[in-house]
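Trainee: There's a structure below that I have some questions on.
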Amino acid sequence: MDSRTAFCGALLLLVILLPVSANASSKLYIVYMGEKKHDDPSMVTASHRDMLTSVFGSKDEALRSIVYSYKHGFSGFAAMLTESQAETIAKFPEVVTVKPNTYHETHTTRSWDFLGLDHNQARQQPGLLRKAKYGEDVIVGVIDTGIWPESRSFDDNGYGPVPARWKGKCQTGQDFNATSCNKKIIGARWYERGISDEVLNRNYKSPRDIEGHGTHVASTIAGREVQGVSYGGLGMGVGRGGGPRAAGPNKVCWLGGSCPEAAVLAAIDDAMHDGVDVLSLSIAGAGHEFPGTLHAVQRGISIVFAGGNDGPVPQTVANALPWVTTVAASTIDRSFPTLISLGNKEKLVGQSLHNNASVIIGNFKDLVYARSCDTESSLALSNVTGKIVLCYQPVAARSMPPRQALPIAINLTTMAGAKGLIFAQYTTNLLDFLPLCRGVMPCVVVDFEIAQRIASYWSWDKGNAVVKVSPAMTVVGKGVLSPRVASFSSRGPSMLFPSILKPDIAAPGVSILAADRDSYVFKSGTSMACPHVSAVTALLKSVHPGWSPAMIKSAIVTTASVTDRFGMPIQAEAVPRKLADPFDFGGGHIDPDRAVDPGLVYDVDAREYNKFLNCTLGYLDGCESYYLNLNLPSIVVPDLKDHVMLRRTVTNVGPAEATYHLVVEAPAGIDVSVEPSMITFTKGSSRSATFMVTFTTRQRVQGGYTFGSLTWSDGITHSVRIPVAVRTVIQDFVADTA
């Protein structure tokens with residue numbers, strides 16, 4: 001069999017070129033060769049050098065060209081090549097793909113309690129944390145911007161020895177020595193090859209994190225309990241991670257240089273050698289996928305990715321490969337209401353982090369309505385100096401997302417000499433940008449309704465309109481509508497793989513308070529949601545060490561909640577706000593304590609994914625049926641013309657004797673039949689059962705997606721739900737993705 005079709009490890013998104021090279025016509029290419037042919041890493045590397053030597057005609061030039069050699073989990077290398085050299089290498093029979101390097105972007109005192117992972121759980125009702133022994137002996141690899149080791153979240157006082165199976169290392173460098181690692185940060189690496197000197201000079205040349213993103217992520221996963229954590233008094237509480245024993249940070253992302261794919265691949269390759277149980281990547285896939293992740297999954301390592309921050313636009317979800325867990329972001333039950341008092345005695349409420357005594361406004365200030373606030377000229381015309389500025393122009397939201405518009409408004413109003421900002425948008429979950437105002441002026445975010453009332457008051461009394469902004473408060477609990485899918489969270493369906501439901505799950509990712517250098521800050525993004533799922537994945541692996549990554553992912557997806565604490569359907573922030581569907585949050589909102597005992601799981605032999613990759617690379621025919629029948633905890637039929645039949649298999653991981661009945665929520669306009677509709681497990685019988693699902697359209701239309709679910713229930717403890725999305729089509733080349 002041709003080695004191209006025998007095993008293909010992943011697709012590559014590779015479009016942006018390395019900024020520097022020894023040869024002006026050379027650039028960094030990633031050569032992916034699939035499964036390694038030797039167990040000895042040195043022999044794998046030698047094969048890479050031999051291939052390059054045959055192309056360059058010189059061993060010395062071949063050695064100089066290599067940037068990374070991938071030798072632990074899979075075979076491949078990154079090298080400086082001309083276009084013709086890359087074309088020559090692509091013709092070698094053992095080479096799967098050759099593509100240019102790409103750069104990717106990086107995508108608590110409350111969130112873990114909100115998820116029910118309370119460290120003070122009752123002994124008589126132990127939840128996931130107790131069952132997992134608080135993550136003892138579980139190792140999570142974090143591929144991000146590095147680590148700030150002095151943070152209190154990584155104090156290892158009271159921890160036992162490093163797990164004996166750990167093979168990683170503590171790679172030293174600038175302001176990072178061997179003592180920077182400990183029994184909590186058990187190893188650290190940094191990947192600087194291929195990074196320009198200009199970018200390196202703006203960063204620590206070591207695993208030390210200058211940007212803060214990686215530290216925030218790592219502390220969310222594995223930070224120890226730290227008392228009295230807050231952001232200037234807001235969100236006060238105990239800061240802690242989800243529970244895993246240890247973290248191994250890998251610095252692949254650089255301030256001013258993003259995250260080169262060549263470095264990401266090297267980190268994944270090393271992590272497979274080092275002995276991690278879970279890999280957490282809060283990195284955007286930029287529309288395509290990271291190779292090498294399948295090799296990790298086939299070694300039993302669970303991979304968790306952020307889904308991206310390009311919502312609420314459909315078809316923006318990234319990292320959509322079926323063997324990884326892709327995470328959407330949601331809100332938690334905490335807000336920071338801020339009183340806005342108008343001169344007409346009307347009192348309104350926005351959201352802010354306004355708590356700095358040096359900029360507290362104790363009296364009223366002049367109010368000016370400057371509309372969009374997106375240009376210096378518009379602010380100059382409004383004469384905002386010394387005043388509190390209302391930035392409100394709903395039509396501008398069409399052309400600029402809120403997460404882009406707010407930083408611009410803050411910078412421009414600050415430069416114009418304003419004394420305060422009231423910024424209006426369709427979402428108020430923008431607090432992670434408000435530290436830009438800290439120590440300068442109060443900044444408050446309001447929705448369009450509140451902004452209209454402020455604008456009306458200003459119009460009524462233009463010359464004399466005044467306003468006062470009070471300090472923010474912290475409100476936690478049932479009075480805060482939550483969870484909701486965040487507006488910025490990227491949405492499905494996947495453009496690359498429309499038959500694969502993405503994202504898989506939603507988790508807290510809005511205003512998450514975690515470590516950043518020696519302090520604690522709020523950050524929002526699917527980058528913040530990803531580590532919550534990574535930690536839960538690690539805890540589940542601790543309780544169920546024999547479970548495959550697919551089983552763990554299934555447990556998380558099938559036990560997720562689609563309703564809030566009041567039993568109402570979870571909403572998704574969009575334009576306008578709507579009920580969340582599977583393209584917003586996959587199976588729903590993560591429920592860790594239910595995931596530890598799912599009853600049934602949808603397992604996949606990791607070798608099955610090889611065929612998926614061969615299909616995506618165009619090496620096989622008949623792939624449509626394969627996609628539909630891949631045993632995932634979800635079903636997507638993107639092109640139903642009349643009817644289709646597919647299968648799923650469940651494995652019993654609950655009591656040996658159990659009977660499950662099926663509950664069908666059919667997508668609108670679709671008839672769904674399942675055979676059998678009841679499954680019984682008995683002692684001594686097979687622990688797996690296969691069922692067939694038939695979808696039949698009731699209307700011949702070129703339609704959009706409609707949604708439903710299939711739920712297996714034992715009527716007692718277990719309710720195993722998978723989401724369903726179906727789109728009817730008449731012609732393949734005409735579709736509505738709504």
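Labels used: A, B, ... for chains in the order of the structure tokens, numbers from 1 for residues in each chain, and numbers from 1 for ligands as shown.
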Which neighbours of Lys133 (chain A) fall inside 9 Å, counting only C-alpha atoms, when residues of the same chain fewer than 4 positions from it are skipped, and could you give them as an NGL selection string?

Mentor: :A and (128-129 or 137 or 243 or 539 or 542-543)

Trainee: Selected residues, all heavy atoms, written as a short mmCIF file (atom, residue, chain, number, x, y, z; two decimals), in the first residue's frame, please.

Mentor:
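Written output follows (part.cif):
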data_model
loop_
_atom_site.label_atom_id
_atom_site.label_comp_id
_atom_site.auth_asym_id
_atom_site.auth_seq_id
_atom_site.Cartn_x
_atom_site.Cartn_y
_atom_site.Cartn_z
N LEU A 128 -16.58 14.73 41.63
CA LEU A 128 -15.44 14.40 40.79
C LEU A 128 -14.12 14.70 41.47
O LEU A 128 -13.16 13.91 41.38
CB LEU A 128 -15.55 15.16 39.46
CG LEU A 128 -14.38 15.02 38.48
CD1 LEU A 128 -14.11 13.56 38.14
CD2 LEU A 128 -14.64 15.83 37.22
N LEU A 129 -14.00 15.85 42.17
CA LEU A 129 -12.73 16.22 42.78
C LEU A 129 -12.25 15.17 43.78
O LEU A 129 -11.09 14.75 43.75
CB LEU A 129 -12.87 17.57 43.49
CG LEU A 129 -12.44 18.81 42.69
CD1 LEU A 129 -12.66 20.06 43.50
CD2 LEU A 129 -11.00 18.71 42.24
N ASP A 137 -1.30 12.96 40.68
CA ASP A 137 -0.60 12.13 39.70
C ASP A 137 -1.10 12.31 38.27
O ASP A 137 -0.82 11.49 37.40
CB ASP A 137 -0.70 10.64 40.09
CG ASP A 137 0.43 9.83 39.45
OD1 ASP A 137 1.56 10.34 39.39
OD2 ASP A 137 0.17 8.71 38.98
N GLY A 243 -7.67 21.34 39.64
CA GLY A 243 -7.27 20.25 40.49
C GLY A 243 -6.10 19.41 40.05
O GLY A 243 -5.47 18.77 40.87
N LEU A 539 -9.10 15.21 35.44
CA LEU A 539 -9.72 14.59 36.61
C LEU A 539 -10.43 13.28 36.22
O LEU A 539 -10.36 12.28 36.94
CB LEU A 539 -10.71 15.55 37.25
CG LEU A 539 -10.10 16.81 37.88
CD1 LEU A 539 -11.21 17.76 38.36
CD2 LEU A 539 -9.17 16.47 39.03
N SER A 542 -8.00 10.60 35.83
CA SER A 542 -7.53 10.10 37.12
C SER A 542 -8.49 9.06 37.68
O SER A 542 -8.08 8.04 38.23
CB SER A 542 -7.38 11.27 38.10
OG SER A 542 -6.98 10.81 39.37
N VAL A 543 -9.79 9.31 37.54
CA VAL A 543 -10.80 8.37 38.04
C VAL A 543 -10.89 7.14 37.15
O VAL A 543 -11.07 6.01 37.64
CB VAL A 543 -12.18 9.07 38.13
CG1 VAL A 543 -13.24 8.08 38.62
CG2 VAL A 543 -12.11 10.27 39.06
#

Trainee: DSSP says strand (DSSP E or B) for which residues of region 390-550 of chain A? Put them as a VMD selection string?

Mentor: chain A and resid 390 to 391 420 to 424 443 to 446 466 to 469 475 to 476 484 to 485 505 to 508 512 to 516 519 to 523

Trainee: Near Cys443 (chain A), counting only C-alpha atoms, which residues have an atom at most 6 Å away, once you skip same-chain residues fewer than 5 positions from it, shown as a ChimeraX atom specification?

Mentor: /A:420-422

Trainee: Determine which residues of region 335-467 of chain A DSSP labels as helix (DSSP H, G or I) from the backbone of this structure, then write them out as a ChimeraX atom specification.

Mentor: /A:357-359,376-382,394-398,402-415,431-437,448-460

Trainee: Write out as JSON lines the residues of region 147-222 of chain A that have any atom within 12 Å of an atom of region 61-72 of chain A, one row each with the nearest atom pair and its distance in Å to one decimal, counting only C-alpha atoms, sorted by chain and then rising number.

Mentor:
{"residue": "A:Tyr191", "atom": "CA", "partner": "A:Tyr68", "partner_atom": "CA", "distance": 9.3}
{"residue": "A:Glu192", "atom": "CA", "partner": "A:Val67", "partner_atom": "CA", "distance": 9.6}
{"residue": "A:Arg193", "atom": "CA", "partner": "A:Val67", "partner_atom": "CA", "distance": 6.0}
{"residue": "A:Gly194", "atom": "CA", "partner": "A:Val67", "partner_atom": "CA", "distance": 6.7}
{"residue": "A:Ile195", "atom": "CA", "partner": "A:Val67", "partner_atom": "CA", "distance": 10.3}
